[in-house]
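What follows is a short report on a single structure.
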Number of protein chains: 2
Amino acid sequence: METLNIAIFGCGTVGGGVAKIITEINDDLTSRANTKIVLKKIVELCPAKAAERFNLPLSLFCGDGNDLSGIEANQFIQDIISSKEIDLVVETIGGKSDFVYNLCLDILNSGKHLVTANKSLLAERGKTIFETAETRNLKIGFEAAVCGAIPIIKTIQESFTGDKILSVSGIMNGTSNYILTQMQNEKLEFSEALRMAQESGYAEADPLLDINGGDAGHKLILLIKLAFGIDVSKEDLSISGIENITKEDIDFASEIGAKIKLICYAKKVNGDIYATVRPMLVKNSNFLSEVSGTTNAVRINNKYSGIHFLVGKGAGSTETAMSIVSDIVFIARYGDKAQNIRAKEQRNLADARQFVFPYLITFHTGNFPGTTGFIATAIGKQEINIETVSHNRHSGEKAVFSVATMPCTLGQIENAIEEIRSEKPGMLLSEPKIMPILY
Amino acid sequence: METLNIAIFGCGTVGGGVAKIITEINDDLTSRANTKIVLKKIVELCPAKAAERFNLPLSLFCGDGNDLSGIEANQFIQDIISSKEIDLVVETIGGKSDFVYNLCLDILNSGKHLVTANKSLLAERGKTIFETAETRNLKIGFEAAVCGAIPIIKTIQESFTGDKILSVSGIMNGTSNYILTQMQNEKLEFSEALRMAQESGYAEADPLLDINGGDAGHKLILLIKLAFGIDVSKEDLSISGIENITKEDIDFASEIGAKIKLICYAKKVNGDIYATVRPMLVKNSNFLSEVSGTTNAVRINNKYSGIHFLVGKGAGSTETAMSIVSDIVFIARYGDKAQNIRAKEQRNLADARQFVFPYLITFHTGNFPGTTGFIATAIGKQEINIETVSHNRHSGEKAVFSVATMPCTLGQIENAIEEIRSEKPGMLLSEPKIMPILY
């Protein structure tokens, strides 16, 4: 039986989970892979802490289990990269720094397979890394980089090969979904729900990338690459987060039978790719509306096989680690026959203003007769059909109401708002909020 | 570039879908497989009809497009099996007859890979077929045999290899789920909903295997084999169908916040496998309760990565065919490295009477004071805690009510019923209905 020798760089939440699983079910893994799976070495700054947390023998760690300085750790990393003994490196240091970027290139250039959960690196700086793997006929496993435990990468790469993907969408950030679920269920404002999420450990002290859509955007970039074979840059992707969602927005959503979710969405229309990450009103008839708390879900619409949902844990230690370990088994089984990512084309996304959706537009206006009529007329002039106008919430001199449209473009709506502004300066007390409605 | 030459036996709903996809997206398939995918020949009794239905050239069919007698078709089949030119056969004739059984063995024994959607054959007579494939280092693709388009086979075989599966459950028969959904939504009795399903084409003229749990049982047998490496026989599996579900049962389910679904369930407890197919009351908090109409869903609970759901189309022409075509691409990519099913052990299932669930028991009794108390006491004597007792529906001399228990065994409940029968002959007007409650 052949042997696959593995090193892990970084033994935090995910790397530690990988070491734990490989240690606990090594016989199963070896039998499934028909290859001896051997965890040779772990490089970690604080081995004692990690060994205790994940119940690992200290002997697995470089440096005899002593805490390492950055310089010492780096020396061990260089030794492993130079070593002919290691076949595969699990990179669980994270981040998209030059250090990690160069490290991944060095791993591949030294002839080793790379398995990682590093979504920001692969989404923003992945091009050269994937190309290096392809040139050297090595494999990059990154199932763990998109929605943790959900096996969406292999599903697209190995199970939907007999189909054509029409669209990919989903809830791909657990923290923001937890916050929105709390806002919905407990009638909280965003800041209160965020604080609760931080107190419960579901949000980081610095939650920026989770709540501003950046993390979800990284996952969508990788899925677009896989599903449509297109490389897109983060700058080109239209992203907005959940920071400005209010209790009021959630009320308006309920009024039309919908819940607000941070949705990743990419669709191919006549060869153009429309893609966005933003809060949407998901109708209760859509399965995604049922996905609550930190759960993630991916929806794929295929030409021949219709709509699929994959639902599971988007984060967590052994949850994410499981995907890394399955990647290891896959590489052990299929070696250089394992497929790498297929993106061949660099392309700009279609203009988000041309994206056709039904939308909900919320207007804050002065409380004057004729306001609703004027706004509805301006919308109608842009050839937009109105589905419904909400109950108008008056409060002294102010009024708030929302308009649900039939499918139209964002551009049409912006034109209508432009007309309202120029014809009736002062009618709109703030920028109207525009959110797509997902059926 | 290498070539994979394919023959299809049987060009009905599924086989025709396979031919259609291979023809329509041949360039994509070839590029994904890095192997030229060539559909060489189709054997079908009525080529002209199939060619028209699936928009296929008549030249693909054996016999110059003329209708074939059974003897002629069989001769073409034998020619293909003897031919060295064909690398892979798609068997879409269906059924578990000796003819199809021997055909599959012949395909493998002639050195060809086999891809099939034939769940009854593989579940009931698969042992020798899988062993033959393993001995000859050939691959059997059967993704299409379990829940049509849902990629559950590859998910277990390739994506959950870094985990241990604790339980598998799900809704795996679209016809019965459609009937139950109609009963629920339209307040119909079973016979009315069945007739509607037949009229809408969602149920066959002979719907027996769909409604009696047999078809779902086939899928569960294959999943048990994959998830737990255990061969079980259909006779050993505790199966009951939906024929006896009434409007009243659905009402009692609603009263405890649940929907009735035909559930496949298999769980490993201390090395024993508990498995059953039967109607269960699925609590509205469980995602499976949201799966309506002909949609299928599989729920996997993993040791390291927690709960996963896969939801999709369980049947249909191109839906099922898509899974067959992806199997073809997989075999083309990985050849004899592709994994075969791993069941190594023949084992009896654990006694279904020992299966621990909360249960709902419905009693039809005479309308006398003291009945509820006597029954509740008999249940309590078996150390079963009662969760709730339903509103009692009186009607003249008869009464109906249901008792929801805390987790207990079926054996405990049967003992309680036995005591009621022997202490109060005549109290129970019919056999109480006992259904597990799934949280």
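How things are named: the first chain in the structure tokens is A, the next is B, and so on; residues count from 1 in each chain; ligands count from 1 in the order shown.
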Contacts of Lys337 in chain B at 12 Å (only C-alpha atoms; same-chain gap of 5+ positions) as a CSV table (one decimal) with C-alpha atoms, in the first residue's frame:
chain,number,residue,atom,x,y,z
A,33,ALA,CA,-8.1,5.9,0.4
A,34,ASN,CA,-6.4,2.6,-0.1
A,330,PHE,CA,-9.7,12.3,-2.8
A,331,ILE,CA,-6.2,13.2,-3.7
A,332,ALA,CA,-4.9,10.0,-2.2
A,333,ARG,CA,-7.4,8.0,-4.3
A,334,TYR,CA,-7.1,9.8,-7.6
A,335,GLY,CA,-3.7,11.5,-7.4
A,336,ASP,CA,-3.0,13.6,-10.4
A,337,LYS,CA,-6.2,12.5,-12.1
A,338,ALA,CA,-8.1,14.6,-9.6
B,134,GLU,CA,-14.9,-5.5,-7.9
B,137,ASN,CA,-11.8,-4.0,-11.5
B,138,LEU,CA,-14.7,-2.4,-13.3
B,139,LYS,CA,-17.0,0.3,-12.1
B,140,ILE,CA,-20.8,0.3,-11.5
B,330,PHE,CA,-16.6,10.1,-13.6
B,331,ILE,CA,-15.7,6.7,-15.0
B,332,ALA,CA,-14.0,8.4,-18.0
Discussion item. Show me, as a ChimeraX atom specification, every residue of chain A with an atom at most 8 Å from chain B, counting only C-alpha atoms.
Written reply: /A:21,29,32,149-151,154-155,158-163,287,290,304-313,318-320,322-327,329-330,333-334,337-338
Practice prompt. Determine which residues of range 59-147 of chain A DSSP labels as alpha helix (DSSP H) from the backbone of this structure, then write them out as a ChimeraX atom specification.
Written response: /A:70-82,98-109,119-135
Worksheet item: Distance CA of Thr30 in chain A-CA of Gly271 in chain B, one decimal place?
Response: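 Separating CA of Thr30 in chain A from CA of Gly271 in chain B is a distance of 20.4 Å.
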Item to complete: Extract, using only C-alpha atoms, all DNA, RNA and protein residues at most 9 Å from Leu237 in chain A, discarding same-chain residues fewer than 2 positions from it, and format them as a VMD selection string.
Response: chain A and resid 217 221 232 to 235 239 275 to 277 348 to 349 352
Using only N, CA and C atoms, please write the residues we just selected to a file, as an mmCIF file, in the first residue's frame.
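Contents of the output file out35.cif:
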data_model
loop_
_atom_site.group_PDB
_atom_site.id
_atom_site.type_symbol
_atom_site.label_atom_id
_atom_site.label_comp_id
_atom_site.auth_asym_id
_atom_site.auth_seq_id
_atom_site.Cartn_x
_atom_site.Cartn_y
_atom_site.Cartn_z
ATOM 1 N N GLY A 217 -18.697 37.104 -0.566
ATOM 2 C CA GLY A 217 -18.197 37.417 -1.903
ATOM 3 C C GLY A 217 -17.051 36.508 -2.328
ATOM 4 N N ILE A 221 -17.100 34.147 -5.648
ATOM 5 C CA ILE A 221 -16.071 34.219 -6.699
ATOM 6 C C ILE A 221 -15.570 32.811 -7.034
ATOM 7 N N VAL A 232 -13.437 36.117 -11.934
ATOM 8 C CA VAL A 232 -13.873 37.507 -11.718
ATOM 9 C C VAL A 232 -13.092 38.097 -10.557
ATOM 10 N N SER A 233 -12.923 39.396 -10.579
ATOM 11 C CA SER A 233 -12.195 40.036 -9.487
ATOM 12 C C SER A 233 -13.197 40.549 -8.468
ATOM 13 N N LYS A 234 -12.757 40.653 -7.225
ATOM 14 C CA LYS A 234 -13.664 41.090 -6.160
ATOM 15 C C LYS A 234 -14.165 42.510 -6.438
ATOM 16 N N GLU A 235 -13.301 43.327 -7.027
ATOM 17 C CA GLU A 235 -13.672 44.714 -7.308
ATOM 18 C C GLU A 235 -14.848 44.764 -8.294
ATOM 19 N N ILE A 239 -21.175 44.057 -4.289
ATOM 20 C CA ILE A 239 -21.345 43.496 -2.952
ATOM 21 C C ILE A 239 -21.930 44.547 -2.014
ATOM 22 N N ALA A 275 -23.855 38.780 -11.313
ATOM 23 C CA ALA A 275 -23.540 38.254 -9.980
ATOM 24 C C ALA A 275 -23.572 39.359 -8.959
ATOM 25 N N THR A 276 -24.025 39.018 -7.785
ATOM 26 C CA THR A 276 -24.101 40.009 -6.724
ATOM 27 C C THR A 276 -24.164 39.331 -5.365
ATOM 28 N N VAL A 277 -23.714 40.040 -4.336
ATOM 29 C CA VAL A 277 -23.930 39.625 -2.948
ATOM 30 C C VAL A 277 -24.657 40.776 -2.287
ATOM 31 N N ASN A 348 -15.274 40.332 -17.354
ATOM 32 C CA ASN A 348 -16.018 41.243 -16.492
ATOM 33 C C ASN A 348 -17.449 40.758 -16.339
ATOM 34 N N LEU A 349 -18.016 41.038 -15.192
ATOM 35 C CA LEU A 349 -19.416 40.696 -14.970
ATOM 36 C C LEU A 349 -20.296 41.681 -15.718
ATOM 37 N N ALA A 352 -24.506 45.382 -13.068
ATOM 38 C CA ALA A 352 -25.523 45.045 -12.073
ATOM 39 C C ALA A 352 -26.803 45.853 -12.275
#
